[in-house]
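*Asks:* For reference, this is entry01.pdb, and it has PDB, C-alpha atoms and all ligand atoms.
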ATOM      1  CA  MET A 105     -15.967  21.760  -4.108
ATOM      2  CA  ALA A 106     -14.212  18.468  -4.922
ATOM      3  CA  THR A 107     -15.919  15.088  -4.617
ATOM      4  CA  ILE A 108     -14.425  13.060  -1.780
ATOM      5  CA  LEU A 109     -12.710   9.797  -2.740
ATOM      6  CA  ASP A 110     -14.200   7.817   0.122
ATOM      7  CA  GLY A 111     -11.781   5.015   0.984
ATOM      8  CA  LYS A 112     -13.754   3.857   4.028
ATOM      9  CA  LYS A 113     -16.913   3.276   2.012
ATOM     10  CA  LEU A 114     -15.079   1.342  -0.700
ATOM     11  CA  ARG A 115     -13.104  -0.648   1.894
ATOM     12  CA  ASP A 116     -16.345  -1.733   3.563
ATOM     13  CA  LYS A 117     -17.813  -2.793   0.210
ATOM     14  CA  ILE A 118     -14.677  -4.815  -0.638
ATOM     15  CA  LEU A 119     -14.595  -6.437   2.809
ATOM     16  CA  ASP A 120     -18.284  -7.400   2.628
ATOM     17  CA  GLU A 121     -17.711  -9.073  -0.734
ATOM     18  CA  LEU A 122     -14.595 -10.848   0.565
ATOM     19  CA  ALA A 123     -16.382 -12.064   3.714
ATOM     20  CA  LYS A 124     -19.102 -13.659   1.564
ATOM     21  CA  LYS A 125     -16.515 -15.275  -0.690
ATOM     22  CA  ILE A 126     -14.440 -16.601   2.233
ATOM     23  CA  SER A 127     -17.513 -18.083   3.930
ATOM     24  CA  SER A 128     -17.893 -20.367   0.902
ATOM     25  CA  PHE A 129     -14.333 -21.763   1.248
ATOM     26  CA  SER A 130     -13.946 -25.014   3.180
ATOM     27  CA  VAL A 131     -10.281 -24.278   3.976
ATOM     28  CA  LYS A 132      -9.727 -20.665   5.064
ATOM     29  CA  PRO A 133      -6.972 -18.341   3.807
ATOM     30  CA  LYS A 134      -4.200 -17.793   6.353
ATOM     31  CA  LEU A 135      -2.092 -14.652   6.716
ATOM     32  CA  VAL A 136       1.004 -14.677   8.921
ATOM     33  CA  VAL A 137       2.504 -11.365  10.026
ATOM     34  CA  ILE A 138       6.032 -11.153  11.427
ATOM     35  CA  LEU A 139       6.488  -8.248  13.814
ATOM     36  CA  VAL A 140       9.944  -7.389  15.143
ATOM     37  CA  GLY A 141      10.486  -5.054  18.095
ATOM     38  CA  GLU A 142       8.295  -2.629  19.967
ATOM     39  CA  ASP A 143       7.611   0.156  17.449
ATOM     40  CA  SER A 144       4.242   1.508  18.589
ATOM     41  CA  ALA A 145       3.030   2.548  15.104
ATOM     42  CA  SER A 146       3.913  -0.911  13.727
ATOM     43  CA  LYS A 147       2.041  -2.572  16.593
ATOM     44  CA  ILE A 148      -1.079  -0.534  15.803
ATOM     45  CA  TYR A 149      -0.848  -1.289  12.056
ATOM     46  CA  VAL A 150      -0.456  -5.014  12.741
ATOM     47  CA  ALA A 151      -3.332  -5.067  15.243
ATOM     48  CA  ASN A 152      -5.584  -3.336  12.672
ATOM     49  CA  LYS A 153      -4.617  -5.804   9.958
ATOM     50  CA  GLN A 154      -5.291  -8.733  12.272
ATOM     51  CA  LYS A 155      -8.656  -7.364  13.396
ATOM     52  CA  CYS A 156      -9.748  -6.805   9.819
ATOM     53  CA  ALA A 157      -8.594 -10.262   8.665
ATOM     54  CA  GLN A 158     -10.402 -12.010  11.501
ATOM     55  CA  LYS A 159     -13.590 -10.043  10.851
ATOM     56  CA  ILE A 160     -13.874 -11.401   7.310
ATOM     57  CA  GLY A 161     -12.847 -15.001   8.062
ATOM     58  CA  ILE A 162      -9.127 -14.933   7.229
ATOM     59  CA  ILE A 163      -7.003 -16.831   9.763
ATOM     60  CA  SER A 164      -4.443 -14.356  10.989
ATOM     61  CA  GLU A 165      -1.399 -15.114  13.082
ATOM     62  CA  VAL A 166       1.118 -12.585  14.389
ATOM     63  CA  ILE A 167       4.597 -13.833  15.276
ATOM     64  CA  ASN A 168       6.451 -11.405  17.556
ATOM     65  CA  TYR A 169      10.217 -11.204  17.902
ATOM     66  CA  PRO A 170      12.307  -8.996  20.199
ATOM     67  CA  SER A 171      14.219  -6.178  18.476
ATOM     68  CA  ASP A 172      17.567  -7.960  18.981
ATOM     69  CA  VAL A 173      16.464 -11.069  17.071
ATOM     70  CA  LYS A 174      19.085 -12.441  14.667
ATOM     71  CA  GLU A 175      18.423 -12.101  10.949
ATOM     72  CA  GLN A 176      18.908 -15.858  10.446
ATOM     73  CA  VAL A 177      16.157 -16.629  12.967
ATOM     74  CA  LEU A 178      13.718 -14.615  10.852
ATOM     75  CA  ILE A 179      14.919 -16.234   7.625
ATOM     76  CA  ASP A 180      14.521 -19.711   9.150
ATOM     77  CA  LYS A 181      10.967 -18.850  10.229
ATOM     78  CA  ILE A 182      10.115 -17.480   6.776
ATOM     79  CA  ASN A 183      11.464 -20.680   5.181
ATOM     80  CA  GLU A 184       9.275 -22.722   7.533
ATOM     81  CA  LEU A 185       6.214 -20.617   6.594
ATOM     82  CA  ASN A 186       7.096 -20.868   2.886
ATOM     83  CA  SER A 187       6.756 -24.648   3.068
ATOM     84  CA  ASP A 188       3.657 -24.718   5.290
ATOM     85  CA  LYS A 189       0.745 -25.484   2.974
ATOM     86  CA  PHE A 190      -1.741 -23.952   5.396
ATOM     87  CA  VAL A 191      -0.021 -20.548   5.207
ATOM     88  CA  HIS A 192      -1.002 -18.609   2.083
ATOM     89  CA  ALA A 193       0.291 -15.106   2.768
ATOM     90  CA  ILE A 194       3.359 -13.800   4.622
ATOM     91  CA  LEU A 195       3.913 -10.187   5.645
ATOM     92  CA  VAL A 196       6.968  -8.819   7.409
ATOM     93  CA  GLN A 197       6.020  -5.546   9.074
ATOM     94  CA  LEU A 198       8.469  -2.765   8.186
ATOM     95  CA  PRO A 199      10.589  -1.035   9.383
ATOM     96  CA  LEU A 200      12.984  -3.664  10.726
ATOM     97  CA  PRO A 201      15.762  -2.935  13.248
ATOM     98  CA  GLU A 202      19.001  -1.633  11.686
ATOM     99  CA  HIS A 203      21.018  -4.823  12.166
ATOM    100  CA  ILE A 204      18.591  -6.765   9.949
ATOM    101  CA  SER A 205      18.795  -6.488   6.169
ATOM    102  CA  LYS A 206      15.325  -5.678   4.830
ATOM    103  CA  THR A 207      16.451  -6.956   1.427
ATOM    104  CA  ASN A 208      17.545 -10.350   2.784
ATOM    105  CA  ILE A 209      14.273 -10.734   4.677
ATOM    106  CA  ILE A 210      12.030  -9.785   1.751
ATOM    107  CA  ASN A 211      14.058 -11.980  -0.600
ATOM    108  CA  ALA A 212      13.424 -14.960   1.688
ATOM    109  CA  ILE A 213       9.643 -14.818   1.192
ATOM    110  CA  ALA A 214       8.316 -17.157  -1.494
ATOM    111  CA  PRO A 215       6.845 -14.975  -4.290
ATOM    112  CA  GLN A 216       3.653 -17.072  -4.183
ATOM    113  CA  LYS A 217       3.135 -15.998  -0.533
ATOM    114  CA  ASP A 218       4.458 -12.438  -0.821
ATOM    115  CA  VAL A 219       1.280 -10.584   0.137
ATOM    116  CA  ASP A 220       2.923  -7.144  -0.188
ATOM    117  CA  GLY A 221       4.255  -7.865  -3.679
ATOM    118  CA  PHE A 222       7.729  -6.672  -2.619
ATOM    119  CA  THR A 223       9.911  -9.681  -3.557
ATOM    120  CA  PRO A 224      12.250  -9.295  -6.562
ATOM    121  CA  TYR A 225      10.108 -11.734  -8.564
ATOM    122  CA  ASN A 226       6.886  -9.796  -8.044
ATOM    123  CA  PHE A 227       8.582  -6.411  -8.441
ATOM    124  CA  GLY A 228      10.309  -7.654 -11.601
ATOM    125  CA  LYS A 229       7.014  -8.815 -13.071
ATOM    126  CA  LEU A 230       5.384  -5.493 -12.228
ATOM    127  CA  PHE A 231       8.214  -3.446 -13.713
ATOM    128  CA  SER A 232       8.297  -5.489 -16.906
ATOM    129  CA  GLY A 233       4.587  -4.862 -17.407
ATOM    130  CA  GLU A 234       3.655  -8.488 -16.617
ATOM    131  CA  LYS A 235       1.324  -9.760 -13.931
ATOM    132  CA  PRO A 236       2.913 -10.398 -10.505
ATOM    133  CA  TYR A 237       1.241 -12.791  -8.054
ATOM    134  CA  VAL A 238      -0.107  -9.672  -6.349
ATOM    135  CA  TYR A 239       0.390  -5.906  -6.618
ATOM    136  CA  PRO A 240       1.732  -3.813  -3.689
ATOM    137  CA  CYS A 241      -1.154  -2.917  -1.372
ATOM    138  CA  THR A 242      -1.085   0.888  -1.241
ATOM    139  CA  PRO A 243      -0.789   1.590  -4.993
ATOM    140  CA  LYS A 244      -3.322  -1.158  -5.651
ATOM    141  CA  GLY A 245      -5.703   0.549  -3.225
ATOM    142  CA  VAL A 246      -5.160   3.914  -4.931
ATOM    143  CA  LEU A 247      -6.057   2.476  -8.345
ATOM    144  CA  LYS A 248      -9.144   0.760  -6.925
ATOM    145  CA  LEU A 249     -10.270   4.062  -5.460
ATOM    146  CA  LEU A 250      -9.756   5.900  -8.769
ATOM    147  CA  ASP A 251     -11.552   3.128 -10.673
ATOM    148  CA  GLU A 252     -14.487   3.191  -8.252
ATOM    149  CA  TYR A 253     -15.078   6.855  -9.109
ATOM    150  CA  GLY A 254     -14.692   6.223 -12.851
ATOM    151  CA  ILE A 255     -11.540   8.342 -13.142
ATOM    152  CA  GLU A 256      -9.893   7.790 -16.533
ATOM    153  CA  LEU A 257      -6.147   7.170 -16.485
ATOM    154  CA  GLU A 258      -5.340   6.557 -20.128
ATOM    155  CA  GLY A 259      -3.424   9.440 -21.705
ATOM    156  CA  LYS A 260      -3.672  11.502 -18.503
ATOM    157  CA  HIS A 261      -0.676  13.224 -16.943
ATOM    158  CA  ALA A 262      -0.175  11.563 -13.571
ATOM    159  CA  VAL A 263       2.354  13.075 -11.175
ATOM    160  CA  VAL A 264       3.584  10.770  -8.418
ATOM    161  CA  ILE A 265       5.411  12.500  -5.572
ATOM    162  CA  GLY A 266       7.706  10.101  -3.701
ATOM    163  CA  ARG A 267       9.730   7.191  -5.067
ATOM    164  CA  SER A 268       9.841   4.634  -2.241
ATOM    165  CA  ASN A 269       9.575   0.936  -3.050
ATOM    166  CA  ILE A 270       6.440   0.755  -0.905
ATOM    167  CA  VAL A 271       4.433   3.472  -2.630
ATOM    168  CA  GLY A 272       5.924   5.884  -5.186
ATOM    169  CA  ARG A 273       7.860   3.528  -7.458
ATOM    170  CA  PRO A 274       5.197   0.816  -7.858
ATOM    171  CA  MET A 275       2.497   3.522  -8.063
ATOM    172  CA  ALA A 276       4.271   5.179 -10.994
ATOM    173  CA  GLN A 277       4.723   1.846 -12.739
ATOM    174  CA  MET A 278       1.100   0.809 -12.208
ATOM    175  CA  LEU A 279      -0.138   4.138 -13.587
ATOM    176  CA  MET A 280       2.171   3.715 -16.592
ATOM    177  CA  ASN A 281       0.857   0.174 -17.097
ATOM    178  CA  ARG A 282      -2.596   1.764 -17.263
ATOM    179  CA  ASN A 283      -1.360   4.099 -20.053
ATOM    180  CA  ALA A 284      -1.037   7.283 -18.015
ATOM    181  CA  THR A 285       1.881   9.592 -18.810
ATOM    182  CA  VAL A 286       3.786   9.575 -15.543
ATOM    183  CA  THR A 287       6.156  12.081 -13.937
ATOM    184  CA  VAL A 288       7.867  11.038 -10.711
ATOM    185  CA  CYS A 289       8.972  13.758  -8.272
ATOM    186  CA  HIS A 290      11.200  13.377  -5.208
ATOM    187  CA  SER A 291      13.275  15.413  -2.808
ATOM    188  CA  TYR A 292      15.666  16.520  -5.582
ATOM    189  CA  THR A 293      12.878  17.722  -7.885
ATOM    190  CA  LYS A 294      13.158  21.397  -8.750
ATOM    191  CA  ASN A 295      10.082  23.581  -9.202
ATOM    192  CA  LEU A 296       7.567  21.014  -7.953
ATOM    193  CA  GLU A 297       4.772  23.518  -8.451
ATOM    194  CA  GLN A 298       5.476  23.859 -12.193
ATOM    195  CA  ILE A 299       5.033  20.089 -12.520
ATOM    196  CA  THR A 300       1.968  19.719 -10.283
ATOM    197  CA  LYS A 301       0.274  22.558 -12.213
ATOM    198  CA  THR A 302       0.304  20.338 -15.326
ATOM    199  CA  ALA A 303      -1.026  17.224 -13.563
ATOM    200  CA  ASP A 304      -4.423  15.685 -14.276
ATOM    201  CA  ILE A 305      -3.847  13.270 -11.386
ATOM    202  CA  ILE A 306      -1.529  13.738  -8.397
ATOM    203  CA  VAL A 307      -0.588  10.929  -6.037
ATOM    204  CA  SER A 308       1.418  12.324  -3.161
ATOM    205  CA  ALA A 309       3.359   9.926  -0.911
ATOM    206  CA  VAL A 310       5.887  12.003   1.003
ATOM    207  CA  GLY A 311       4.887  12.392   4.658
ATOM    208  CA  LYS A 312       5.117  16.210   4.713
ATOM    209  CA  ASN A 313       2.576  18.897   4.013
ATOM    210  CA  ILE A 314       3.797  19.853   0.523
ATOM    211  CA  ILE A 315       0.687  20.364  -1.662
ATOM    212  CA  LYS A 316      -1.437  23.492  -1.520
ATOM    213  CA  GLY A 317      -4.382  24.527  -3.666
ATOM    214  CA  GLU A 318      -2.359  27.118  -5.580
ATOM    215  CA  MET A 319      -0.086  24.310  -6.892
ATOM    216  CA  LEU A 320      -2.957  22.505  -8.632
ATOM    217  CA  LYS A 321      -4.548  22.646 -12.061
ATOM    218  CA  SER A 322      -8.273  23.303 -11.896
ATOM    219  CA  GLY A 323     -10.294  20.064 -11.970
ATOM    220  CA  CYS A 324      -7.385  17.721 -11.231
ATOM    221  CA  VAL A 325      -7.653  14.577  -9.100
ATOM    222  CA  VAL A 326      -5.649  14.508  -5.857
ATOM    223  CA  VAL A 327      -4.820  11.323  -3.974
ATOM    224  CA  ASP A 328      -3.129  11.864  -0.638
ATOM    225  CA  VAL A 329      -1.138   8.861   0.561
ATOM    226  CA  GLY A 330       0.894  10.708   3.187
ATOM    227  CA  ILE A 331       0.206  10.280   6.889
ATOM    228  CA  PHE A 332       2.036  12.077   9.648
ATOM    229  CA  LYS A 333       1.275  13.775  12.935
ATOM    230  CA  ASP A 334       1.837  17.468  13.632
ATOM    231  CA  ALA A 335       3.296  18.751  16.912
ATOM    232  CA  SER A 336      -0.136  18.546  18.581
ATOM    233  CA  GLY A 337      -0.570  14.895  17.520
ATOM    234  CA  LYS A 338      -3.158  15.652  14.814
ATOM    235  CA  LEU A 339      -3.135  13.242  11.860
ATOM    236  CA  LEU A 340      -2.310  15.020   8.596
ATOM    237  CA  GLY A 341      -1.734  14.166   4.945
ATOM    238  CA  ASP A 342       0.594  15.718   2.343
ATOM    239  CA  VAL A 343      -2.213  17.856   0.928
ATOM    240  CA  ASP A 344      -3.715  21.000   2.384
ATOM    241  CA  PHE A 345      -7.320  19.844   2.151
ATOM    242  CA  GLU A 346      -8.906  23.233   2.718
ATOM    243  CA  THR A 347      -7.320  24.991  -0.285
ATOM    244  CA  SER A 348      -6.918  21.937  -2.526
ATOM    245  CA  SER A 349     -10.519  20.753  -2.304
ATOM    246  CA  LYS A 350     -11.605  24.105  -3.830
ATOM    247  CA  ILE A 351      -9.483  23.532  -6.961
ATOM    248  CA  ALA A 352      -9.552  19.736  -7.467
ATOM    249  CA  SER A 353     -12.489  17.781  -8.892
ATOM    250  CA  TYR A 354     -11.780  14.742  -6.674
ATOM    251  CA  ILE A 355      -9.707  14.508  -3.510
ATOM    252  CA  SER A 356      -8.955  11.778  -0.975
ATOM    253  CA  PRO A 357      -9.108  12.778   2.699
ATOM    254  CA  VAL A 358      -6.680  11.865   5.492
ATOM    255  CA  PRO A 359      -7.825   9.915   7.390
ATOM    256  CA  GLY A 360     -10.451   7.950   5.445
ATOM    257  CA  GLY A 361      -8.896   7.872   1.969
ATOM    258  CA  VAL A 362      -5.936   5.695   1.055
ATOM    259  CA  GLY A 363      -5.352   4.165   4.528
ATOM    260  CA  PRO A 364      -8.516   2.011   4.501
ATOM    261  CA  MET A 365      -7.789   1.037   0.880
ATOM    262  CA  THR A 366      -4.352  -0.301   1.850
ATOM    263  CA  ILE A 367      -5.967  -2.668   4.354
ATOM    264  CA  ALA A 368      -8.641  -3.702   1.839
ATOM    265  CA  SER A 369      -5.882  -4.486  -0.697
ATOM    266  CA  LEU A 370      -4.028  -6.586   1.856
ATOM    267  CA  MET A 371      -7.165  -8.668   2.367
ATOM    268  CA  LEU A 372      -7.736  -8.937  -1.397
ATOM    269  CA  ASN A 373      -4.122 -10.020  -1.878
ATOM    270  CA  THR A 374      -4.385 -12.671   0.850
ATOM    271  CA  VAL A 375      -7.445 -14.160  -0.842
ATOM    272  CA  GLU A 376      -5.803 -13.979  -4.289
ATOM    273  CA  LEU A 377      -2.728 -15.858  -3.020
ATOM    274  CA  PHE A 378      -5.002 -18.416  -1.363
ATOM    275  CA  GLU A 379      -6.956 -18.956  -4.583
ATOM    276  CA  ASN A 380      -3.698 -19.244  -6.578
ATOM    277  CA  SER A 381      -2.544 -21.978  -4.221
ATOM    278  CA  LEU A 382      -5.558 -24.210  -4.949
TER     279      LEU A 382
HETATM  280  P1  LIG B   1       9.508   7.326   2.304
HETATM  281  O1  LIG B   1      10.158   6.011   2.037
HETATM  282  O2  LIG B   1      10.039   8.199   3.385
HETATM  283  O3  LIG B   1       9.517   8.147   0.937
HETATM  284  C1  LIG B   1       9.163   9.496   0.884
HETATM  285  C2  LIG B   1       9.429  10.017  -0.487
HETATM  286  O4  LIG B   1       9.120  11.416  -0.503
HETATM  287  C3  LIG B   1      10.880   9.892  -0.962
HETATM  288  O5  LIG B   1      10.929   9.378  -2.255
HETATM  289  C4  LIG B   1      11.412  11.333  -0.900
HETATM  290  O6  LIG B   1      12.365  11.634  -1.896
HETATM  291  C5  LIG B   1      10.152  12.115  -1.177
HETATM  292  N1  LIG B   1      10.261  13.475  -0.657
HETATM  293  C6  LIG B   1      10.689  13.896   0.545
HETATM  294  N2  LIG B   1      10.625  15.244   0.640
HETATM  295  C7  LIG B   1      10.143  15.683  -0.542
HETATM  296  C8  LIG B   1       9.846  16.963  -1.066
HETATM  297  N3  LIG B   1      10.034  18.073  -0.344
HETATM  298  N4  LIG B   1       9.361  17.044  -2.326
HETATM  299  C9  LIG B   1       9.140  15.945  -3.067
HETATM  300  N5  LIG B   1       9.391  14.677  -2.607
HETATM  301  C10 LIG B   1       9.891  14.563  -1.371
HETATM  302  O7  LIG B   1       7.983   7.154   2.631
HETATM  303  P2  LIG B   1       6.884   6.076   2.107
HETATM  304  O8  LIG B   1       7.052   4.808   2.844
HETATM  305  O9  LIG B   1       6.823   6.079   0.619
HETATM  306  O10 LIG B   1       5.567   6.796   2.666
HETATM  307  C11 LIG B   1       5.229   8.104   2.252
HETATM  308  C12 LIG B   1       4.080   8.612   3.094
HETATM  309  O11 LIG B   1       2.958   7.778   2.865
HETATM  310  C13 LIG B   1       4.334   8.557   4.605
HETATM  311  O12 LIG B   1       3.656   9.639   5.199
HETATM  312  C14 LIG B   1       3.695   7.248   5.014
HETATM  313  O13 LIG B   1       3.291   7.255   6.372
HETATM  314  C15 LIG B   1       2.507   7.220   4.099
HETATM  315  N6  LIG B   1       1.984   5.881   3.800
HETATM  316  C16 LIG B   1       0.652   5.748   3.874
HETATM  317  C17 LIG B   1       0.070   4.534   3.557
HETATM  318  C18 LIG B   1      -1.404   4.409   3.627
HETATM  319  O14 LIG B   1      -1.900   3.310   3.629
HETATM  320  N7  LIG B   1      -2.128   5.517   3.629
HETATM  321  C19 LIG B   1       0.868   3.450   3.176
HETATM  322  C20 LIG B   1       2.242   3.637   3.075
HETATM  323  C21 LIG B   1       2.795   4.866   3.386
HETATM  324  P3  LIG B   1      13.823  10.924  -1.958
HETATM  325  O15 LIG B   1      13.592   9.588  -2.559
HETATM  326  O16 LIG B   1      14.611  11.833  -2.842
HETATM  327  O17 LIG B   1      14.326  10.862  -0.549
END
Let me see the structure of the file written as C-alpha cells.
Ligand code: NAP

*Replies:*
Amino acid sequence: MATILDGKKLRDKILDELAKKISSFSVKPKLVVILVGEDSASKIYVANKQKCAQKIGIISEVINYPSDVKEQVLIDKINELNSDKFVHAILVQLPLPEHISKTNIINAIAPQKDVDGFTPYNFGKLFSGEKPYVYPCTPKGVLKLLDEYGIELEGKHAVVIGRSNIVGRPMAQMLMNRNATVTVCHSYTKNLEQITKTADIIVSAVGKNIIKGEMLKSGCVVVDVGIFKDASGKLLGDVDFETSSKIASYISPVPGGVGPMTIASLMLNTVELFENSL
C-alpha cells in the first residue's frame, strides 16, 4: 500500500512556521484579492484564502466587482495597488468573465506583487531557468510535498498530464529545473498508458478521472492535482485511488493532498514578496 502524501499535515506545519515569522514583523504583509462576478467556486476559494491569511497574521483584503465590470476599471485598480506600498501581493481570482482579457489583467500586475507568479516577467524567468519573484502556487506546493517525503527528482522520468499555464506548464518546467526528465501529456497525447507506465513520478492536472492502477509502473509516485465533482457531488481527483494506491509507492489523496499545499504556497509567496519589498 502506498504512503500517503499528506498535504494537510505539511500545510499546517508551513502555516505554523509562517505565523511565528509574521508575528515578529512590525509591519504585516498584505494580500489583496480581486474577485469578479458571482462564480460560487471562486467565492469559496477566495474565502478560504482570506481565512487562512488572517489566521496567520497576513492582512487580507478582497475587492469584489460585478461580472459586467469594465476591463479598464480592473486595470486602474491594479495600477493603484501596484503603487500602494502597504500592498505586497496581488491576486486576481480566475476565471474572469469573457469580455475581460485575462492576459491584459495579468500583465497589469507588477511582477514584484504577482503572488501567483503568472506575469510574463515571472513566467519568463521561470522558463529561462532563472529565479522569478515567486513560483506559481500549485506546482510549488507539489514540489514541497515531494521534498517533504524525500522523493528524489534528479534523473527521474516525470510525466506531467495537463499543460495549462496554472499547473501543467510551470510544473513541467519546475521539474525540469530540478533535473527530472519530463514528458508532458495533454488531450492530443496518444497512448497515454504507454507513457505513464514508464513514469517514476506522475503529476496529473486534468480534471477528469483518467489514471487507473493498471496504467502505473510499480513503485511510482503519483501526485493528483485534479479536482472535480461527480454527478452525486462527490469530490474526486484524476486518479483512481483504490487501484493506484496498490501499485504506487507514494500517492496524494483528493481532498487533502495538493489543495492544501496550494494555499500554503500562496501564503509563502505573500511573505516572500513582503520580505523582498523591505
Ligand atoms: P485546464 O486549464 O482545463 O487544463 C487541463 C489540461 O488537461 C489541458 O492541458 C488538457 O489538454 C488536458 N487534458 C484534458 N483531457 C485530457 C486527456 N483525456 N488526457 C490527457 N490530458 C487531458 O485545467 P487546470 O486549470 O490546469 O486544472 C486541472 C485540474 O486541476 C482541474 O481539475 C482543477 O480543478 C485542478 N486544480 C487543482 C488545484 C489544487 O490546488 N489542487 C489547483 C489548480 C487546479 P489540452 O491542453 O490539449 O486541452

*Asks:* Kindly compute an axis-aligned box around the listed atoms of ligand LIG 1 (chain B), allowing 5 Å on each side, and express its centre and edge lengths in Å to one decimal as lines of an AutoDock Vina configuration file.

*Replies:*
center_x = 6.2
center_y = 10.7
center_z = 1.7
size_x = 26.7
size_y = 24.8
size_z = 19.4

*Asks:* Find the spatial neighbours of range 319-331 of chain A, counting all atoms listed in the file, within a cut-off of 7 Å - ignore same-chain residues fewer than 5 positions away - and output them as a list in words.

*Replies:* Glu297, Thr300, Lys301, Thr302, Ala303, Asp304, Ile305, Ile306, Val307, Ser308, Ala309, Val310, Gly311, Leu339, Leu340, Gly341, Asp342, Val343, Ile351, Ala352, Ser353, Tyr354, Ile355, Ser356, Pro357 and Val362 of chain A

*Asks:* Keeping only C-alpha atoms, write those residues as a compact mmCIF listing (two decimals), in the coordinates of the input.

*Replies:*
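Result file is result-v4.txt:
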# COMPACT_ATOMS: atom_id res chain seq x y z
CA GLU A 297 4.77 23.52 -8.45
CA THR A 300 1.97 19.72 -10.28
CA LYS A 301 0.27 22.56 -12.21
CA THR A 302 0.30 20.34 -15.33
CA ALA A 303 -1.03 17.22 -13.56
CA ASP A 304 -4.42 15.68 -14.28
CA ILE A 305 -3.85 13.27 -11.39
CA ILE A 306 -1.53 13.74 -8.40
CA VAL A 307 -0.59 10.93 -6.04
CA SER A 308 1.42 12.32 -3.16
CA ALA A 309 3.36 9.93 -0.91
CA VAL A 310 5.89 12.00 1.00
CA GLY A 311 4.89 12.39 4.66
CA LEU A 339 -3.14 13.24 11.86
CA LEU A 340 -2.31 15.02 8.60
CA GLY A 341 -1.73 14.17 4.94
CA ASP A 342 0.59 15.72 2.34
CA VAL A 343 -2.21 17.86 0.93
CA ILE A 351 -9.48 23.53 -6.96
CA ALA A 352 -9.55 19.74 -7.47
CA SER A 353 -12.49 17.78 -8.89
CA TYR A 354 -11.78 14.74 -6.67
CA ILE A 355 -9.71 14.51 -3.51
CA SER A 356 -8.96 11.78 -0.98
CA PRO A 357 -9.11 12.78 2.70
CA VAL A 362 -5.94 5.70 1.06

*Asks:* May I have a table of the residues of chain A lying at most 7 Å from ligand LIG 1 (chain B), giving each one's closest pair of atoms and their distance in Å to one decimal, counting all atoms listed in the file, ordered by chain and ascending residue number, as a Markdown table?

*Replies:*
| residue | atom | partner | partner_atom | distance |
| --- | --- | --- | --- | --- |
| A:Thr242 | CA | B:LIG1 | C19 | 5.5 |
| A:Ile265 | CA | B:LIG1 | N5 | 5.4 |
| A:Gly266 | CA | B:LIG1 | O5 | 3.6 |
| A:Arg267 | CA | B:LIG1 | O5 | 3.8 |
| A:Ser268 | CA | B:LIG1 | O9 | 4.4 |
| A:Asn269 | CA | B:LIG1 | O9 | 6.9 |
| A:Ile270 | CA | B:LIG1 | O9 | 5.6 |
| A:Val271 | CA | B:LIG1 | O9 | 4.8 |
| A:Gly272 | CA | B:LIG1 | O9 | 5.9 |
| A:Cys289 | CA | B:LIG1 | C9 | 5.6 |
| A:His290 | CA | B:LIG1 | N5 | 3.4 |
| A:Ser291 | CA | B:LIG1 | C10 | 3.8 |
| A:Tyr292 | CA | B:LIG1 | O16 | 5.5 |
| A:Thr293 | CA | B:LIG1 | C9 | 6.4 |
| A:Ala309 | CA | B:LIG1 | C11 | 4.1 |
| A:Val310 | CA | B:LIG1 | O4 | 3.6 |
| A:Gly311 | CA | B:LIG1 | O12 | 3.1 |
| A:Lys312 | CA | B:LIG1 | O12 | 6.7 |
| A:Ile314 | CA | B:LIG1 | N3 | 6.5 |
| A:Val329 | CA | B:LIG1 | N7 | 4.6 |
| A:Gly330 | CA | B:LIG1 | O12 | 3.6 |
| A:Ile331 | CA | B:LIG1 | O12 | 3.9 |
| A:Phe332 | CA | B:LIG1 | O12 | 5.3 |
| A:Val362 | CA | B:LIG1 | N7 | 4.6 |
| A:Gly363 | CA | B:LIG1 | N7 | 3.6 |
| A:Pro364 | CA | B:LIG1 | O14 | 6.8 |
| A:Met365 | CA | B:LIG1 | O14 | 6.9 |
| A:Thr366 | CA | B:LIG1 | O14 | 4.7 |

*Asks:* Go through A:Thr347, A:Ser205, A:Ser146, A:Asn313 and flag the residue nearest Ile179 in chain A, using only C-alpha atoms for the distances.

*Replies:* A:Ser205

*Asks:* Show me as a ChimeraX atom specification the residues that reach within 12 Å of (-2.4, -16.9, 11.2), counting only C-alpha atoms and using the file's own coordinates.

*Replies:* /A:132-138,153-155,157-158,161-167,185,188,190-195,374

*Asks:* Give me the result of the PyMOL selection byres (((chain A and resi 219) around 6) and not hetatm) on this file, residue by residue, as a list in words.

*Replies:*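 Evaluating the PyMOL selection byres (((chain A and resi 219) around 6) and not hetatm) on these coordinates yields Ala193, Ile194, Lys217, Asp218, Asp220, Gly221 and Asn373 of chain A.
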
*Asks:* Those same residues - C-alpha atoms - I'd like them written as an mmCIF file, in the frame of the given file.

*Replies:*
data_model
loop_
_atom_site.group_PDB
_atom_site.id
_atom_site.type_symbol
_atom_site.label_atom_id
_atom_site.label_comp_id
_atom_site.auth_asym_id
_atom_site.auth_seq_id
_atom_site.Cartn_x
_atom_site.Cartn_y
_atom_site.Cartn_z
ATOM 1 C CA ALA A 193 0.291 -15.106 2.768
ATOM 2 C CA ILE A 194 3.359 -13.800 4.622
ATOM 3 C CA LYS A 217 3.135 -15.998 -0.533
ATOM 4 C CA ASP A 218 4.458 -12.438 -0.821
ATOM 5 C CA ASP A 220 2.923 -7.144 -0.188
ATOM 6 C CA GLY A 221 4.255 -7.865 -3.679
ATOM 7 C CA ASN A 373 -4.122 -10.020 -1.878
#

*Asks:* Can you measure CA of Lys316 in chain A to CA of Gln277 in chain A for me? One decimal in Å is fine.

*Replies:* 25.1 Å

*Asks:* Grab the CA of Gly245 in chain A to CA of Ser369 in chain A distance for me, in Å with one decimal place.

*Replies:* 5.6 Å

*Asks:* Distance CA of Leu119 in chain A-CA of Val375 in chain A, one decimal place?

*Replies:*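 Those two atoms sit 11.1 Å apart.
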